[in-house]
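Here the structure comes first, spelled out in structure tokens, and everything after it is commentary.
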Amino acid sequence: MFPGEDTLQPIARIVKSYGTEGDVMVSFQDGISDILKTEEPVWLFYDGLPVPFYIQNIQFKGLRKAILHLEDIDSHSDAEEAAGKDICIDPAGYPELSATDAHQINEDGLTLEDLTGFTLLNQDSSTVGVISDIMDFSGNICLEIEGSGSLIPYHDDLLLDIDPDSRTITLHISDGLL
């Protein structure tokens with residue numbers, strides 16, 4: 001039986017195809033790669049409908065990236081078609097996954113991954129740039145700034161303000177970092 005579309009939880013995104021045999025490069029949410037099960041299907045949406053795929057092979061490339069080979073994605077063109085799609089799981093198959101496992105940064109349940117696309121401001125309310133990616137270097141979180149490639153360290157102690165409505169985050173950024 002297929003899970004309802006509204007119950008599937010996104011856990012990763014297919015970044016791009018990898019090689020010619022249907023492999024894909026995947027970027028995981030923080031902490032998800034540790035609990036991923038090959039015996040449970042992952043779900044991709046095609047034409048608005050969830051389609052199950054089983055992971056046949058996984059090669060981790062750090063904490064948040066991996067090369068996956070999904071069952072029935074066997075060619076470069078299949079992998080290209082899957083690029084950009086979210087990979088979802090059915091939480092019913094993952095009882096160890098709970099809201100407390102997400103890295104929440106405020107009382108509204110906002111997580112670090114939700115900050116992609118937010119505008120970063122410094123302590124003087126000057127615009128630093130738009131956050132394009134969240135990177136985890138062995139527990140050291142950095143915010144990548146779109147277009148510049150700059151990495152800004154993130155820590156709860158540096159957080160001055162976050163406004164989900166205006167999609168801005170204000171951090172104390174040390175002099176000379178930018």
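Identifiers in the structure tokens: chain A, B, ... in order shown; residue index from 1 per chain; ligand index from 1 in order shown.
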Run DSSP on the backbone of this structure and report the residues of segment 16-93 of chain A it assigns to alpha helix (DSSP H), as number ranges by chain.
A: 76-82
Go ahead and write the selection's residues with N, CA, C and O atoms as a compact mmCIF listing (two decimals), in the first residue's frame.
```
# COMPACT_ATOMS: atom_id res chain seq x y z
N HIS A 76 21.97 7.31 -17.91
CA HIS A 76 22.27 8.73 -17.70
C HIS A 76 21.01 9.57 -17.90
O HIS A 76 20.76 10.50 -17.12
N SER A 77 20.19 9.25 -18.88
CA SER A 77 18.97 10.04 -19.13
C SER A 77 17.96 9.88 -17.99
O SER A 77 17.29 10.85 -17.61
N ASP A 78 17.85 8.68 -17.41
CA ASP A 78 16.98 8.50 -16.24
C ASP A 78 17.47 9.34 -15.06
O ASP A 78 16.69 9.97 -14.35
N ALA A 79 18.80 9.34 -14.86
CA ALA A 79 19.38 10.12 -13.76
C ALA A 79 19.19 11.62 -13.99
O ALA A 79 18.91 12.36 -13.04
N GLU A 80 19.33 12.06 -15.23
CA GLU A 80 19.11 13.48 -15.55
C GLU A 80 17.65 13.88 -15.28
O GLU A 80 17.39 14.97 -14.79
N GLU A 81 16.71 12.98 -15.58
CA GLU A 81 15.30 13.26 -15.32
C GLU A 81 15.02 13.36 -13.82
O GLU A 81 14.18 14.13 -13.38
N ALA A 82 15.76 12.61 -13.01
CA ALA A 82 15.57 12.62 -11.56
C ALA A 82 16.27 13.81 -10.90
O ALA A 82 15.92 14.18 -9.77
```
At a cut-off of 9 Å, can you tabulate as JSON lines every residue of segment 47-128 of chain A near segment 4-25 of chain A together with its closest atom pair and the distance in Å to one decimal, using only C-alpha atoms and ordering rows by chain then number?
```
{"residue": "A:Leu49", "atom": "CA", "partner": "A:Glu5", "partner_atom": "CA", "distance": 7.6}
{"residue": "A:Pro50", "atom": "CA", "partner": "A:Glu5", "partner_atom": "CA", "distance": 6.7}
{"residue": "A:Asn57", "atom": "CA", "partner": "A:Asp23", "partner_atom": "CA", "distance": 8.9}
{"residue": "A:Arg64", "atom": "CA", "partner": "A:Ala12", "partner_atom": "CA", "distance": 8.9}
{"residue": "A:Lys65", "atom": "CA", "partner": "A:Met25", "partner_atom": "CA", "distance": 7.1}
{"residue": "A:Ala66", "atom": "CA", "partner": "A:Met25", "partner_atom": "CA", "distance": 5.9}
{"residue": "A:Ile67", "atom": "CA", "partner": "A:Met25", "partner_atom": "CA", "distance": 4.7}
{"residue": "A:Leu68", "atom": "CA", "partner": "A:Val24", "partner_atom": "CA", "distance": 5.4}
{"residue": "A:His69", "atom": "CA", "partner": "A:Asp23", "partner_atom": "CA", "distance": 4.7}
{"residue": "A:Leu70", "atom": "CA", "partner": "A:Asp23", "partner_atom": "CA", "distance": 7.3}
{"residue": "A:Asp72", "atom": "CA", "partner": "A:Gly22", "partner_atom": "CA", "distance": 8.6}
{"residue": "A:Ile73", "atom": "CA", "partner": "A:Gly22", "partner_atom": "CA", "distance": 5.3}
{"residue": "A:Asp74", "atom": "CA", "partner": "A:Gly22", "partner_atom": "CA", "distance": 4.4}
{"residue": "A:Ser75", "atom": "CA", "partner": "A:Gly22", "partner_atom": "CA", "distance": 4.2}
{"residue": "A:His76", "atom": "CA", "partner": "A:Thr20", "partner_atom": "CA", "distance": 4.7}
{"residue": "A:Ser77", "atom": "CA", "partner": "A:Gly22", "partner_atom": "CA", "distance": 7.5}
{"residue": "A:Asp78", "atom": "CA", "partner": "A:Gly22", "partner_atom": "CA", "distance": 6.3}
{"residue": "A:Ala79", "atom": "CA", "partner": "A:Gly22", "partner_atom": "CA", "distance": 5.0}
{"residue": "A:Glu80", "atom": "CA", "partner": "A:Ser17", "partner_atom": "CA", "distance": 5.4}
{"residue": "A:Glu81", "atom": "CA", "partner": "A:Ser17", "partner_atom": "CA", "distance": 8.7}
{"residue": "A:Ala82", "atom": "CA", "partner": "A:Ile14", "partner_atom": "CA", "distance": 6.9}
{"residue": "A:Ala83", "atom": "CA", "partner": "A:Lys16", "partner_atom": "CA", "distance": 4.8}
{"residue": "A:Gly84", "atom": "CA", "partner": "A:Ile14", "partner_atom": "CA", "distance": 5.2}
{"residue": "A:Lys85", "atom": "CA", "partner": "A:Ile14", "partner_atom": "CA", "distance": 5.6}
{"residue": "A:Asp86", "atom": "CA", "partner": "A:Arg13", "partner_atom": "CA", "distance": 4.3}
{"residue": "A:Ile87", "atom": "CA", "partner": "A:Ala12", "partner_atom": "CA", "distance": 5.0}
{"residue": "A:Cys88", "atom": "CA", "partner": "A:Pro10", "partner_atom": "CA", "distance": 4.0}
{"residue": "A:Ile89", "atom": "CA", "partner": "A:Gln9", "partner_atom": "CA", "distance": 5.4}
{"residue": "A:Asp90", "atom": "CA", "partner": "A:Leu8", "partner_atom": "CA", "distance": 4.9}
{"residue": "A:Pro91", "atom": "CA", "partner": "A:Gln9", "partner_atom": "CA", "distance": 6.7}
{"residue": "A:Ala92", "atom": "CA", "partner": "A:Thr7", "partner_atom": "CA", "distance": 8.8}
```
All residues 10 Å or closer to Thr127 of chain A, only C-alpha atoms, same chain fewer than 6 positions away omitted, as a ChimeraX atom specification
/A:119-121,168-170
Given the selection you just returned, output its residues as a file containing N, CA, C and O atoms, formatted as a JSON list (two decimals), in the first residue's frame.
```
[["chain", "number", "residue", "atom", "x", "y", "z"],
["A", 119, "THR", "N", 17.98, 35.75, 3.58],
["A", 119, "THR", "CA", 18.99, 36.81, 3.47],
["A", 119, "THR", "C", 19.73, 36.90, 4.80],
["A", 119, "THR", "O", 19.11, 36.99, 5.86],
["A", 120, "LEU", "N", 21.07, 36.87, 4.72],
["A", 120, "LEU", "CA", 21.90, 36.96, 5.91],
["A", 120, "LEU", "C", 22.28, 38.41, 6.15],
["A", 120, "LEU", "O", 22.74, 39.10, 5.23],
["A", 121, "LEU", "N", 22.06, 38.87, 7.38],
["A", 121, "LEU", "CA", 22.44, 40.22, 7.80],
["A", 121, "LEU", "C", 23.51, 40.10, 8.87],
["A", 121, "LEU", "O", 23.51, 39.15, 9.65],
["A", 168, "THR", "N", 14.81, 36.59, 6.87],
["A", 168, "THR", "CA", 16.12, 37.13, 7.19],
["A", 168, "THR", "C", 16.65, 36.49, 8.46],
["A", 168, "THR", "O", 15.89, 36.07, 9.33],
["A", 169, "ILE", "N", 17.97, 36.40, 8.55],
["A", 169, "ILE", "CA", 18.64, 35.92, 9.74],
["A", 169, "ILE", "C", 19.80, 36.88, 10.01],
["A", 169, "ILE", "O", 20.50, 37.30, 9.09],
["A", 170, "THR", "N", 19.95, 37.26, 11.27],
["A", 170, "THR", "CA", 21.01, 38.18, 11.66],
["A", 170, "THR", "C", 22.00, 37.44, 12.56],
["A", 170, "THR", "O", 21.60, 36.84, 13.56]]
```
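Minimum atom-to-atom distances from A:Leu63, A:Val42, A:Leu158, A:Val51 to Ile134 of chain A were compared using only C-alpha atoms, and the lowest value belongs to A:Leu63.
Of the residues under consideration (A:Leu159, A:Cys142, A:Ile152, A:Leu36), A:Leu159 shows the shortest atom-to-atom contact distance to His172 of chain A when counting only C-alpha atoms.
Taking atom CA of Gly62 of chain A and atom CA of Phe137 of chain A as endpoints, the distance between them is 8.5 Å.
The smallest atom-to-atom distance between Thr116 of chain A and any of A:Glu71, A:Pro164, A:Trp43, A:Ser174, using only C-alpha atoms, is found for A:Pro164.
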Strand (DSSP E) per DSSP on the backbone: members of chain A, as a PyMOL selection string:
chain A and resi 9-18+23-28+42-46+49-53+55-60+65-70+86-89+119-121+127-137+140-145+151-154+159-163+168-171
Report as a list in words all protein, DNA and RNA residues lying within 9 Å of Leu151 of chain A, evaluated on only C-alpha atoms, omitting residues in the same chain fewer than 3 positions from it.
Met135, Cys142, Leu143, Glu144, Ile145, Ser148, Leu177 and Leu178 of chain A
Okay, now the selection with C-alpha atoms, as a CSV table (one decimal), in the first residue's frame?
```csv
chain,number,residue,atom,x,y,z
A,135,MET,CA,27.4,22.9,5.0
A,142,CYS,CA,28.8,27.1,7.7
A,143,LEU,CA,26.4,29.1,5.6
A,144,GLU,CA,27.4,29.4,2.0
A,145,ILE,CA,26.6,32.8,0.5
A,148,SER,CA,30.5,34.8,-3.5
A,177,LEU,CA,35.6,37.3,7.9
A,178,LEU,CA,34.0,38.9,4.8
```
